[in-house]
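Novice: Contents of query.txt (compact mmCIF, C-alpha atoms) are below:
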# COMPACT_ATOMS: atom_id res chain seq x y z
CA MET Y 1 -5.57 -16.86 23.50
CA ILE Y 2 -6.83 -15.53 26.83
CA ASP Y 3 -9.08 -12.48 26.99
CA LYS Y 4 -6.30 -10.19 28.23
CA ASP Y 5 -4.04 -11.23 25.35
CA PHE Y 6 -6.79 -10.56 22.85
CA ASP Y 7 -7.47 -7.14 24.36
CA LEU Y 8 -3.83 -6.13 24.02
CA THR Y 9 -3.73 -7.44 20.46
CA ARG Y 10 -6.82 -5.46 19.57
CA ARG Y 11 -5.52 -2.25 21.13
CA SER Y 12 -2.25 -2.63 19.26
CA PHE Y 13 -4.15 -3.19 16.05
CA LEU Y 14 -6.30 -0.12 16.58
CA ASP Y 15 -3.19 1.93 17.29
CA HIS Y 16 -1.88 0.85 13.88
CA VAL Y 17 -5.17 1.87 12.25
CA VAL Y 18 -5.19 5.27 13.93
CA LYS Y 19 -1.60 6.02 12.92
CA ALA Y 20 -1.99 4.69 9.38
CA SER Y 21 -5.19 6.63 8.72
CA ALA Y 22 -3.92 9.96 10.07
CA GLY Y 23 -4.32 12.65 7.45
CA ILE Y 24 -6.54 10.68 5.04
CA ALA Y 25 -9.95 11.22 6.61
CA ALA Y 26 -11.47 12.27 3.30
CA ALA Y 27 -10.27 9.14 1.50
CA ALA Y 28 -10.92 6.65 4.29
CA PRO Y 29 -13.49 8.07 6.73
CA TRP Y 30 -14.40 4.58 7.88
CA ALA Y 31 -10.94 4.09 9.40
CA ALA Y 32 -11.39 6.80 12.00
CA PHE Y 33 -14.96 5.64 12.62
CA ALA Y 34 -13.88 2.07 13.30
CA ALA Y 35 -10.76 2.88 15.25
CA GLY Y 36 -12.45 5.47 17.39
CA ALA Y 37 -15.38 3.29 18.40
CA GLU Y 38 -15.01 1.57 21.74
CA PRO Y 39 -17.01 -1.67 21.54
CA ALA Y 40 -19.71 -2.16 24.13
CA GLN Y 41 -19.26 -4.87 26.72
CA THR Y 42 -23.02 -5.45 26.91
CA ASP Y 43 -25.99 -5.08 24.62
CA ARG Y 44 -24.20 -6.75 21.74
CA VAL Y 45 -25.60 -6.63 18.23
CA ARG Y 46 -27.41 -9.89 17.52
CA LEU Y 47 -26.49 -11.36 14.14
CA GLY Y 48 -28.03 -14.14 12.12
CA VAL Y 49 -25.55 -15.75 9.73
CA ILE Y 50 -27.02 -16.91 6.41
CA GLY Y 51 -24.60 -19.33 4.79
CA THR Y 52 -22.26 -21.54 6.82
CA GLY Y 53 -20.02 -22.89 4.08
CA ASP Y 54 -16.27 -22.31 4.09
CA ARG Y 55 -16.51 -18.53 3.91
CA GLY Y 56 -19.42 -18.33 6.31
CA ARG Y 57 -17.53 -20.29 8.93
CA THR Y 58 -14.50 -18.02 8.53
CA LEU Y 59 -16.75 -15.05 9.19
CA ILE Y 60 -18.25 -16.74 12.24
CA ARG Y 61 -14.77 -17.24 13.69
CA ASN Y 62 -14.08 -13.53 13.22
CA LEU Y 63 -17.43 -12.55 14.70
CA LEU Y 64 -16.62 -14.58 17.80
CA LYS Y 65 -13.59 -12.32 18.36
CA THR Y 66 -15.56 -9.08 18.33
CA ARG Y 67 -16.57 -7.17 21.45
CA ASN Y 68 -19.87 -5.78 20.19
CA CYS Y 69 -21.42 -8.56 18.09
CA VAL Y 70 -22.83 -11.96 18.89
CA VAL Y 71 -23.94 -14.81 16.63
CA ALA Y 72 -27.60 -15.33 17.57
CA ALA Y 73 -28.79 -17.65 14.78
CA LEU Y 74 -27.48 -19.72 11.87
CA CYS Y 75 -29.02 -20.64 8.54
CA ASP Y 76 -28.01 -22.89 5.66
CA ASP Y 77 -30.10 -25.03 3.33
CA TYR Y 78 -27.34 -27.66 3.10
CA GLU Y 79 -27.29 -29.70 6.30
CA PRO Y 80 -23.58 -30.68 6.28
CA HIS Y 81 -22.62 -26.98 6.17
CA LEU Y 82 -25.15 -26.12 8.85
CA ALA Y 83 -23.77 -28.83 11.11
CA ARG Y 84 -20.23 -27.47 10.73
CA GLY Y 85 -21.49 -24.00 11.56
CA ARG Y 86 -23.26 -25.28 14.68
CA ALA Y 87 -20.00 -26.78 15.90
CA LEU Y 88 -18.49 -23.26 16.15
CA VAL Y 89 -21.16 -21.69 18.37
CA ASP Y 90 -23.01 -22.42 21.59
CA ALA Y 91 -25.36 -25.36 21.47
CA GLY Y 92 -28.39 -23.22 22.32
CA ILE Y 93 -28.14 -21.00 19.24
CA PRO Y 94 -31.05 -21.77 16.87
CA ALA Y 95 -30.32 -23.09 13.39
CA PHE Y 96 -32.57 -22.91 10.32
CA ALA Y 97 -32.68 -24.46 6.88
CA ASP Y 98 -34.63 -21.51 5.42
CA HIS Y 99 -33.61 -17.86 5.83
CA ARG Y 100 -37.23 -16.67 5.93
CA ALA Y 101 -37.91 -18.92 8.92
CA MET Y 102 -34.90 -17.38 10.66
CA LEU Y 103 -36.14 -13.86 9.92
CA ASP Y 104 -39.67 -14.70 11.07
CA ALA Y 105 -38.34 -16.12 14.35
CA GLY Y 106 -37.15 -12.64 15.36
CA GLY Y 107 -34.58 -11.81 17.99
CA LEU Y 108 -32.06 -10.36 15.51
CA ASP Y 109 -30.66 -6.90 14.81
CA ALA Y 110 -28.87 -7.74 11.56
CA VAL Y 111 -27.86 -10.55 9.22
CA VAL Y 112 -24.52 -11.61 7.78
CA ILE Y 113 -24.87 -13.01 4.24
CA ALA Y 114 -22.28 -15.51 3.02
CA THR Y 115 -24.29 -17.37 0.40
CA PRO Y 116 -23.66 -17.87 -3.35
CA LEU Y 117 -23.57 -14.61 -5.27
CA HIS Y 118 -26.82 -14.97 -7.19
CA VAL Y 119 -28.91 -15.10 -3.99
CA HIS Y 120 -27.24 -12.18 -2.18
CA ALA Y 121 -29.87 -9.72 -3.37
CA ARG Y 122 -32.81 -11.93 -2.40
CA HIS Y 123 -31.44 -12.54 1.09
CA ALA Y 124 -30.56 -8.87 1.60
CA LEU Y 125 -33.93 -7.55 0.41
CA ASP Y 126 -35.79 -10.03 2.61
CA ALA Y 127 -33.71 -8.92 5.60
CA PHE Y 128 -34.43 -5.25 4.94
CA ASP Y 129 -38.13 -6.07 4.65
CA ALA Y 130 -37.87 -7.74 8.07
CA GLY Y 131 -36.47 -4.50 9.53
CA LEU Y 132 -32.88 -5.73 9.84
CA HIS Y 133 -29.48 -4.32 8.91
CA VAL Y 134 -27.29 -6.25 6.44
CA TRP Y 135 -23.63 -7.18 6.17
CA CYS Y 136 -23.02 -9.02 2.89
CA GLU Y 137 -20.01 -10.72 1.35
CA LYS Y 138 -18.52 -9.21 -1.77
CA ALA Y 139 -19.33 -9.04 -4.59
CA MET Y 140 -22.68 -7.42 -3.91
CA ALA Y 141 -24.87 -9.27 -6.39
CA ARG Y 142 -24.91 -11.14 -9.70
CA THR Y 143 -26.22 -8.20 -11.75
CA ILE Y 144 -25.72 -4.46 -11.73
CA ALA Y 145 -29.48 -4.04 -11.36
CA ASP Y 146 -29.52 -6.21 -8.22
CA CYS Y 147 -26.59 -4.24 -6.76
CA GLY Y 148 -28.59 -1.06 -7.25
CA ALA Y 149 -31.71 -2.65 -5.76
CA MET Y 150 -29.80 -3.53 -2.60
CA VAL Y 151 -28.49 0.03 -2.23
CA LYS Y 152 -31.91 1.55 -2.88
CA ARG Y 153 -33.69 -0.73 -0.39
CA ALA Y 154 -31.10 0.03 2.29
CA GLN Y 155 -31.61 3.76 1.72
CA ASP Y 156 -35.41 3.52 1.69
CA SER Y 157 -35.51 1.39 4.85
CA ARG Y 158 -32.85 3.57 6.55
CA LYS Y 159 -30.86 0.46 7.37
CA VAL Y 160 -27.12 -0.19 7.22
CA LEU Y 161 -25.78 -2.14 4.23
CA GLN Y 162 -22.09 -2.99 4.54
CA ILE Y 163 -20.14 -5.15 2.08
CA GLY Y 164 -17.08 -7.20 2.99
CA HIS Y 165 -14.08 -5.31 1.61
CA GLN Y 166 -11.68 -5.87 4.49
CA ARG Y 167 -8.67 -4.21 2.86
CA MET Y 168 -10.23 -0.86 3.73
CA PHE Y 169 -9.53 -1.67 7.40
CA ASN Y 170 -6.00 -3.00 6.91
CA PRO Y 171 -3.31 -0.70 8.41
CA THR Y 172 -0.84 -1.57 5.65
CA TYR Y 173 -3.28 -0.37 2.98
CA LEU Y 174 -4.24 2.67 5.03
CA ASN Y 175 -0.58 3.57 5.46
CA ALA Y 176 -0.03 3.09 1.72
CA LEU Y 177 -2.91 5.44 0.98
CA ARG Y 178 -1.59 8.01 3.46
CA ARG Y 179 1.76 8.03 1.70
CA VAL Y 180 0.13 8.30 -1.71
CA LYS Y 181 -1.90 11.28 -0.50
CA ALA Y 182 1.31 12.82 0.85
CA GLY Y 183 2.74 12.73 -2.69
CA GLU Y 184 5.51 10.23 -2.01
CA ILE Y 185 5.09 8.39 -5.32
CA GLY Y 186 4.02 11.44 -7.32
CA THR Y 187 1.18 11.30 -9.83
CA ILE Y 188 -0.36 7.86 -10.23
CA THR Y 189 -0.85 6.98 -13.89
CA GLN Y 190 -1.18 3.21 -13.75
CA ILE Y 191 -2.07 0.42 -11.37
CA ARG Y 192 -1.15 -3.12 -12.27
CA ALA Y 193 -2.99 -5.81 -10.35
CA SER Y 194 -3.13 -9.57 -10.66
CA TRP Y 195 -4.54 -12.53 -8.83
CA HIS Y 196 -2.95 -15.76 -10.04
CA ARG Y 197 -3.67 -19.18 -8.59
CA ASN Y 198 -2.94 -22.77 -9.56
CA THR Y 199 -6.16 -24.56 -8.73
CA SER Y 200 -9.20 -25.85 -10.59
CA TRP Y 201 -11.48 -24.10 -8.07
CA ARG Y 202 -13.57 -27.27 -8.26
CA ARG Y 203 -14.68 -28.98 -5.05
CA PRO Y 204 -15.56 -32.65 -4.67
CA VAL Y 205 -19.30 -33.26 -4.72
CA PRO Y 206 -20.74 -35.81 -2.27
CA ALA Y 207 -23.74 -37.94 -3.18
CA ASP Y 208 -26.15 -35.72 -1.22
CA SER Y 209 -25.46 -32.61 -3.33
CA THR Y 210 -24.93 -31.41 -6.89
CA ASP Y 211 -22.09 -29.80 -8.79
CA ARG Y 212 -24.02 -26.60 -9.44
CA ARG Y 213 -24.78 -26.30 -5.74
CA LEU Y 214 -21.27 -26.75 -4.35
CA ASN Y 215 -19.32 -25.46 -7.36
CA TRP Y 216 -21.56 -22.47 -7.97
CA ARG Y 217 -18.53 -20.28 -8.73
CA LEU Y 218 -18.03 -22.19 -11.99
CA TYR Y 219 -21.45 -21.45 -13.50
CA ARG Y 220 -22.74 -18.25 -15.12
CA GLU Y 221 -26.13 -18.34 -13.45
CA SER Y 222 -24.57 -18.00 -10.00
CA SER Y 223 -21.20 -16.32 -10.54
CA ALA Y 224 -19.02 -14.21 -12.81
CA GLY Y 225 -16.05 -16.32 -11.73
CA LEU Y 226 -12.77 -14.46 -11.43
CA MET Y 227 -14.44 -11.08 -11.79
CA THR Y 228 -16.80 -11.28 -8.81
CA GLU Y 229 -14.75 -13.62 -6.64
CA LEU Y 230 -11.34 -11.95 -7.03
CA ALA Y 231 -11.33 -8.81 -9.22
CA THR Y 232 -13.85 -6.95 -7.09
CA HIS Y 233 -11.29 -6.69 -4.24
CA GLN Y 234 -8.63 -5.15 -6.45
CA LEU Y 235 -11.05 -2.94 -8.32
CA GLN Y 236 -12.02 -1.46 -4.98
CA VAL Y 237 -8.34 -0.82 -4.23
CA ALA Y 238 -7.82 0.82 -7.63
CA ASN Y 239 -10.91 3.04 -7.30
CA TRP Y 240 -9.81 3.96 -3.80
CA PHE Y 241 -6.24 4.94 -4.65
CA LEU Y 242 -7.26 6.72 -7.88
CA ASP Y 243 -10.16 8.37 -6.07
CA ALA Y 244 -12.47 7.67 -9.02
CA ALA Y 245 -14.58 5.07 -10.76
CA PRO Y 246 -13.45 3.76 -14.16
CA THR Y 247 -14.90 5.35 -17.29
CA ARG Y 248 -14.75 2.20 -19.42
CA VAL Y 249 -13.16 -1.25 -19.70
CA ILE Y 250 -11.90 -3.51 -22.46
CA GLY Y 251 -10.91 -7.11 -21.93
CA SER Y 252 -10.49 -10.67 -23.06
CA GLY Y 253 -11.46 -13.84 -21.23
CA SER Y 254 -11.18 -17.52 -22.02
CA ILE Y 255 -11.53 -21.01 -20.66
CA CYS Y 256 -7.89 -21.67 -21.39
CA PHE Y 257 -6.76 -24.51 -19.13
CA TRP Y 258 -9.56 -26.08 -17.06
CA LYS Y 259 -11.74 -27.53 -19.83
CA ASP Y 260 -13.96 -29.42 -17.43
CA GLY Y 261 -17.44 -28.17 -18.24
CA ARG Y 262 -17.22 -24.89 -16.35
CA GLU Y 263 -18.94 -21.84 -17.81
CA VAL Y 264 -16.82 -19.02 -16.33
CA TYR Y 265 -13.42 -17.96 -17.59
CA ASP Y 266 -10.27 -19.35 -15.99
CA HIS Y 267 -8.10 -16.67 -17.63
CA ALA Y 268 -8.92 -12.97 -17.77
CA ALA Y 269 -7.06 -9.84 -18.87
CA LEU Y 270 -8.62 -6.37 -18.71
CA VAL Y 271 -7.72 -2.70 -18.96
CA TYR Y 272 -9.87 -0.17 -17.08
CA ASP Y 273 -9.66 3.48 -18.16
CA TYR Y 274 -9.95 6.30 -15.63
CA THR Y 275 -9.99 10.06 -16.11
CA ASP Y 276 -6.81 11.82 -17.30
CA GLY Y 277 -5.66 8.69 -19.13
CA ARG Y 278 -4.98 6.68 -15.98
CA LYS Y 279 -5.35 2.91 -16.18
CA LEU Y 280 -5.79 -0.27 -14.19
CA VAL Y 281 -4.30 -3.31 -15.92
CA TRP Y 282 -5.71 -6.48 -14.33
CA SER Y 283 -5.14 -10.17 -14.98
CA SER Y 284 -6.09 -13.44 -13.37
CA LEU Y 285 -5.55 -17.10 -14.16
CA LEU Y 286 -6.01 -20.43 -12.44
CA ASN Y 287 -3.05 -22.49 -13.64
CA ASN Y 288 0.04 -20.60 -12.41
CA ALA Y 289 0.57 -19.12 -8.95
CA ARG Y 290 4.08 -17.66 -9.43
CA TYR Y 291 2.98 -14.03 -8.99
CA GLY Y 292 0.01 -14.66 -6.71
CA CYS Y 293 -2.02 -11.67 -5.55
CA GLU Y 294 -0.44 -8.24 -5.92
CA GLU Y 295 -1.10 -4.60 -6.75
CA GLN Y 296 1.52 -2.22 -8.11
CA ILE Y 297 0.48 1.42 -7.72
CA GLN Y 298 2.78 3.34 -10.06
CA GLY Y 299 3.57 7.05 -9.90
CA ASN Y 300 6.28 9.17 -11.48
CA LYS Y 301 8.25 9.21 -8.20
CA GLY Y 302 7.77 5.66 -7.00
CA THR Y 303 5.67 2.51 -6.67
CA ILE Y 304 3.65 1.17 -3.77
CA GLU Y 305 2.80 -2.52 -3.45
CA PRO Y 306 0.37 -2.68 -0.51
CA GLU Y 307 -0.28 -6.41 -0.75
CA LEU Y 308 3.46 -6.94 -0.20
CA GLY Y 309 3.73 -4.01 2.22
CA ARG Y 310 6.51 -2.19 0.32
CA ILE Y 311 7.18 1.23 -1.20
CA PHE Y 312 9.86 1.73 -3.88
CA LYS Y 313 11.41 5.01 -4.95
CA GLU Y 314 11.72 5.66 -8.68
CA ASN Y 315 15.33 6.80 -8.19
CA PRO Y 316 16.80 4.30 -5.72
CA PRO Y 317 20.32 4.69 -4.29
CA GLY Y 318 23.02 4.23 -6.90
CA VAL Y 319 24.66 0.88 -7.57
CA PRO Y 320 27.81 0.59 -5.40
CA ALA Y 321 30.05 -0.24 -8.38
CA LEU Y 322 28.96 2.89 -10.20
CA ARG Y 323 29.51 5.06 -7.13
CA LYS Y 324 32.99 3.58 -6.76
CA MET Y 325 33.78 4.29 -10.42
CA ALA Y 326 32.60 7.90 -10.07
CA GLN Y 327 34.82 8.35 -7.03
CA ASP Y 328 37.77 6.82 -8.89
CA VAL Y 329 37.31 9.25 -11.78
CA LYS Y 330 37.06 12.16 -9.36
CA GLU Y 331 40.27 11.14 -7.59
CA GLY Y 332 42.16 10.20 -10.77
CA ARG Y 333 42.48 6.51 -9.92
CA LYS Y 334 42.48 3.83 -12.64
CA ARG Y 335 41.30 0.25 -12.25
CA PRO Y 336 39.45 -2.36 -14.35
CA VAL Y 337 35.77 -1.48 -14.88
CA PRO Y 338 33.24 -4.35 -14.96
CA ILE Y 339 30.91 -3.79 -17.91
CA GLY Y 340 29.25 -7.18 -18.22
CA GLY Y 341 27.09 -7.25 -15.10
CA ALA Y 342 23.34 -6.78 -14.92
CA THR Y 343 23.82 -3.45 -13.17
CA TRP Y 344 24.72 -1.92 -16.52
CA PHE Y 345 21.23 -2.51 -17.98
CA PRO Y 346 18.97 0.22 -16.56
CA GLU Y 347 15.83 -1.24 -18.17
CA LEU Y 348 15.90 -4.32 -15.96
CA PRO Y 349 13.31 -4.45 -13.13
CA VAL Y 350 14.33 -2.75 -9.92
CA THR Y 351 15.34 -5.40 -7.40
CA THR Y 352 16.01 -3.20 -4.39
CA PRO Y 353 13.98 -4.29 -1.35
CA GLY Y 354 12.20 -0.96 -0.99
CA GLU Y 355 10.87 0.32 2.32
CA SER Y 356 8.35 -1.41 4.55
CA LEU Y 357 4.84 0.00 4.89
CA GLY Y 358 4.36 -1.89 8.12
CA TRP Y 359 3.38 -5.51 8.44
CA GLY Y 360 1.70 -7.76 10.91
CA GLU Y 361 -1.07 -10.27 11.53
CA TYR Y 362 -3.73 -7.63 11.22
CA ASP Y 363 -7.24 -8.89 11.82
CA GLU Y 364 -9.03 -6.47 9.51
CA THR Y 365 -12.01 -8.81 9.06
CA MET Y 366 -12.72 -8.68 12.80
CA LEU Y 367 -12.37 -4.89 12.79
CA GLN Y 368 -14.81 -4.42 9.92
CA PHE Y 369 -17.39 -6.39 11.92
CA GLU Y 370 -16.83 -4.18 14.96
CA ALA Y 371 -17.39 -1.17 12.71
CA PHE Y 372 -20.58 -2.79 11.43
CA GLY Y 373 -21.71 -3.44 14.99
CA GLU Y 374 -21.22 0.22 15.88
CA ALA Y 375 -23.07 1.27 12.72
CA VAL Y 376 -26.03 -0.96 13.64
CA ARG Y 377 -26.09 0.31 17.23
CA SER Y 378 -26.07 3.94 16.07
CA GLY Y 379 -28.24 3.41 13.01
CA THR Y 380 -25.62 5.28 10.97
CA PRO Y 381 -23.71 3.56 8.12
CA VAL Y 382 -19.92 3.70 8.26
CA PRO Y 383 -19.04 6.68 6.02
CA GLY Y 384 -17.88 5.89 2.51
CA LEU Y 385 -17.98 2.09 2.65
CA LEU Y 386 -21.08 1.42 0.58
CA ARG Y 387 -20.03 3.66 -2.29
CA GLN Y 388 -16.68 1.86 -2.50
CA ALA Y 389 -18.33 -1.57 -2.52
CA TYR Y 390 -21.08 -0.63 -4.98
CA TYR Y 391 -18.67 0.82 -7.51
CA ALA Y 392 -16.28 -2.14 -7.21
CA SER Y 393 -19.10 -4.60 -7.87
CA VAL Y 394 -20.37 -2.59 -10.83
CA ALA Y 395 -16.86 -2.43 -12.29
CA SER Y 396 -16.38 -6.19 -11.90
CA LEU Y 397 -19.62 -6.91 -13.80
CA MET Y 398 -18.63 -4.39 -16.48
CA GLY Y 399 -15.46 -6.45 -16.94
CA GLU Y 400 -17.51 -9.59 -17.52
CA GLN Y 401 -19.60 -7.75 -20.12
CA ALA Y 402 -16.49 -6.51 -21.92
CA MET Y 403 -14.98 -9.98 -22.11
CA ASP Y 404 -18.23 -11.53 -23.32
CA SER Y 405 -18.88 -8.91 -25.99
CA GLY Y 406 -15.33 -8.27 -27.14
CA ARG Y 407 -16.14 -4.54 -27.10
CA PRO Y 408 -15.45 -1.63 -24.73
CA VAL Y 409 -18.05 -1.18 -22.00
CA ASP Y 410 -18.69 2.28 -20.58
CA TRP Y 411 -19.45 3.13 -16.95
CA PRO Y 412 -23.25 2.97 -16.53
CA SER Y 413 -25.01 6.31 -16.70
CA SER Y 414 -27.93 5.34 -14.43
CA LEU Y 415 -26.68 4.10 -11.07
CA VAL Y 416 -28.25 4.66 -7.67
CA ASN Y 417 -26.85 7.80 -6.05
CA VAL Y 418 -24.83 6.68 -3.04
Could you show the structure in this file as structure tokens?
Specialist:
Amino acid sequence: MIDKDFDLTRRSFLDHVVKASAGIAAAAPWAAFAAGAEPAQTDRVRLGVIGTGDRGRTLIRNLLKTRNCVVAALCDDYEPHLARGRALVDAGIPAFADHRAMLDAGGLDAVVIATPLHVHARHALDAFDAGLHVWCEKAMARTIADCGAMVKRAQDSRKVLQIGHQRMFNPTYLNALRRVKAGEIGTITQIRASWHRNTSWRRPVPADSTDRRLNWRLYRESSAGLMTELATHQLQVANWFLDAAPTRVIGSGSICFWKDGREVYDHAALVYDYTDGRKLVWSSLLNNARYGCEEQIQGNKGTIEPELGRIFKENPPGVPALRKMAQDVKEGRKRPVPIGGATWFPELPVTTPGESLGWGEYDETMLQFEAFGEAVRSGTPVPGLLRQAYYASVASLMGEQAMDSGRPVDWPSSLVNV
């Protein structure tokens, strides 16, 4: 893609964001912040990327598209990953095997953290201590206490802490939220969300590494598995659309299919309670991908499925056969009436296609980095983002506690004020 093509693509994308976020400033203040910021052509924000595994390299590719950020250093303690990261950037960019050495070398404005979950807090706190801003992959940290420590250190150091929840920059989701706020689906009482895959999640381990190092998502010390890797995204969406944090959660988890020595659940089912009796029903499994990743936001007037980009009315247009029968009765005509078809069973799922919320190859990950770059340049965090991320991470770790204990877990009473 040539520079001119990218510029047009970006402008088009920002137009979508501006239109989709119109009228929801209170619920998504970051959208207007990001869309309204014109990236600087010079004086780019210098970023050091800690972690150049699969996810880290994806982030690097998105950073290379931004207009106000530049990758200024790389770090990974596993040489094969570091070598793959180097291949994506200019040869002169320094690379380090230790994040402290990268921080001590200077020349950075901020860091991007894409390391295993259990070291997020250590890397973030060290970066704050070095006077840098922090962008960190979700989930925030392995424990609720570490999540709070990251928030508190960012506040005390007056530095930006932004967590990677890219759906908050996606025009389809922003448009869905706008229509919810406009009352199009009525009062939301339940959100159903699921993330189903058919994969062991296990990666091959070469002779120069270990299973716990490369398959860290499968071990309790370094991950909460489905909860921190997948649920945190959809918990953020639920909190966002319900405009609240959950009050408690109950759940059940099991190692149901992949009995290969892993410590985290491969099958999870939870119910999160919100005020006024509202609920999020969430499930995830790793041995069937039929329903994939989806959210169903259900109100008394309709349903929105932002992942699929559709809105469905609770009272869709009548079935043609029924309309024809009603007209026949009105006009006194008689003809055979089909009574055996599926249309005569109103309790069946609605199969109408619904209405599009807008769809496209939106590059929301790139846009969230441009918003981060503007936040670093101004020294002002993007409004609302950190609270959303913090509460989503806390809720995901509550879910793990509920599954482990077999008892309801209440929303913590002593969180950092954010």
Novice: Given only C-alpha atoms as the basis, pick out the residue of Y:Val111, Y:Val18, Y:Ile144, Y:Leu242 nearest to His99 in chain Y.
Specialist: Y:Val111
Novice: How many Å separate CA of Glu229 in chain Y from CA of Glu370 in chain Y?
Specialist: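 CA of Glu370 in chain Y lies 23.7 Å from CA of Glu229 in chain Y.
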Novice: Which protein, DNA or RNA residues have an atom at most 6 Å from (-10.4, -10.9, -13.8), counting only C-alpha atoms? List them as a list of chain:residue names.
Specialist: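 Final list of nearby residues, as requested, is Y:Leu226, Y:Met227, Y:Ala231, Y:Ala268, Y:Ser283, Y:Ser284.
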Novice: Calculated over all atoms listed in the file, which of the candidates Y:Ala244, Y:Ala149, Y:Leu174, Y:Ala31 has the smallest distance to Pro383 in chain Y?
Specialist: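 Of Y:Ala244, Y:Ala149, Y:Leu174, Y:Ala31, the one nearest Pro383 in chain Y, counting all atoms listed in the file, is Y:Ala31.
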Novice: Using all atoms listed in the file, find the one residue out of Y:Ala141, Y:Val281, Y:Ile304, Y:Ala395 that sits nearest to Pro353 in chain Y.
Specialist: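 Once distances to Pro353 in chain Y are computed over all atoms listed in the file, the minimum belongs to Y:Ile304.
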Novice: Write out as an MDAnalysis selection string each polymer residue whose atoms come within 6 Å of range 397-402 of chain Y, counting only C-alpha atoms; drop sequence neighbours fewer than 6 positions from it.
Specialist: chainID Y and resid 250:251 408:409
Novice: Would you kindly return, as a ChimeraX atom specification, each protein, DNA or RNA residue with an atom no farther than 9 Å from any atom of range 156-168 of chain Y, considering only C-alpha atoms and excluding same-chain residues fewer than 6 positions away?
Specialist: /Y:28,30-31,110,124,128-129,131-140,150,174,232-233,236-237,240,364-369,372,375-376,379-382,385-386,388-390
Novice: I need the residue nearest Leu74 in chain Y from this list: Y:Arg57, Y:Arg179, Y:Phe96, Y:Arg407. Use only C-alpha atoms for the distance.
Specialist: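 Closest to Leu74 in chain Y, using only C-alpha atoms: Y:Phe96.
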Novice: With only C-alpha atoms as the atoms that count, which of Y:Glu374, Y:Asp146, Y:Asp363, Y:Glu221 lies nearest to Leu415 in chain Y?
Specialist: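 For Leu415 in chain Y, the nearest of the candidates is Y:Asp146.
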Novice: Using Å and a single decimal, report how far CA of Cys293 in chain Y sits from CA of Val205 in chain Y.
Specialist: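 Atom-to-atom, CA of Val205 in chain Y to CA of Cys293 in chain Y, that is 27.7 Å.
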Novice: Restricting the calculation to all atoms listed in the file: of Y:Ile24, Y:Leu47, Y:Leu88, Y:Leu177, which residue gets closest to Ala127 in chain Y?
Specialist: Y:Leu47
Novice: What does the distance from CA of Gly373 in chain Y to CA of Cys147 in chain Y come to in Å, to one decimal?
Specialist: 22.3 Å
Novice: Tell me, as a list in words, which residues lie within 6 Å of Gln298 in chain Y, counting all atoms listed in the file; anything in the same chain fewer than 6 positions away does not count.
Specialist: Ile188, Gln190 and Ile191 of chain Y
Novice: If I wrap all listed atoms of range 122-127 of chain Y in a box with edges along x, y and z and add 3 Å on each side, what are its centre and edge lengths in Å to one decimal, as AutoDock Vina command-line options?
Specialist:
--center_x -33.2 --center_y -10.0 --center_z 1.6 --size_x 11.2 --size_y 11.0 --size_z 14.0
Novice: Sorted by chain and rising residue number, list the residues of range 128-230 of chain Y at most 9 Å from range 259-267 of chain Y (counting only C-alpha atoms), each with its closest atom pair and distance in Å to one decimal, as JSON lines.
Specialist:
{"residue": "Y:Ser200", "atom": "CA", "partner": "Y:Asp266", "partner_atom": "CA", "distance": 8.5}
{"residue": "Y:Arg217", "atom": "CA", "partner": "Y:Val264", "partner_atom": "CA", "distance": 7.9}
{"residue": "Y:Leu218", "atom": "CA", "partner": "Y:Arg262", "partner_atom": "CA", "distance": 5.2}
{"residue": "Y:Tyr219", "atom": "CA", "partner": "Y:Glu263", "partner_atom": "CA", "distance": 5.0}
{"residue": "Y:Arg220", "atom": "CA", "partner": "Y:Glu263", "partner_atom": "CA", "distance": 5.9}
{"residue": "Y:Ser223", "atom": "CA", "partner": "Y:Val264", "partner_atom": "CA", "distance": 7.7}
{"residue": "Y:Ala224", "atom": "CA", "partner": "Y:Val264", "partner_atom": "CA", "distance": 6.4}
{"residue": "Y:Gly225", "atom": "CA", "partner": "Y:Val264", "partner_atom": "CA", "distance": 5.4}
{"residue": "Y:Leu226", "atom": "CA", "partner": "Y:Tyr265", "partner_atom": "CA", "distance": 7.1}
Novice: Determine, counting all atoms listed in the file, which protein, DNA and RNA residues have an atom within 7 Å of an atom of Arg44 in chain Y; residues of the same chain fewer than 6 positions away are not included. Present the result as a list of chain:residue names.
Specialist: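 The contact residues come out as Y:Asn68, Y:Cys69, Y:Val70.
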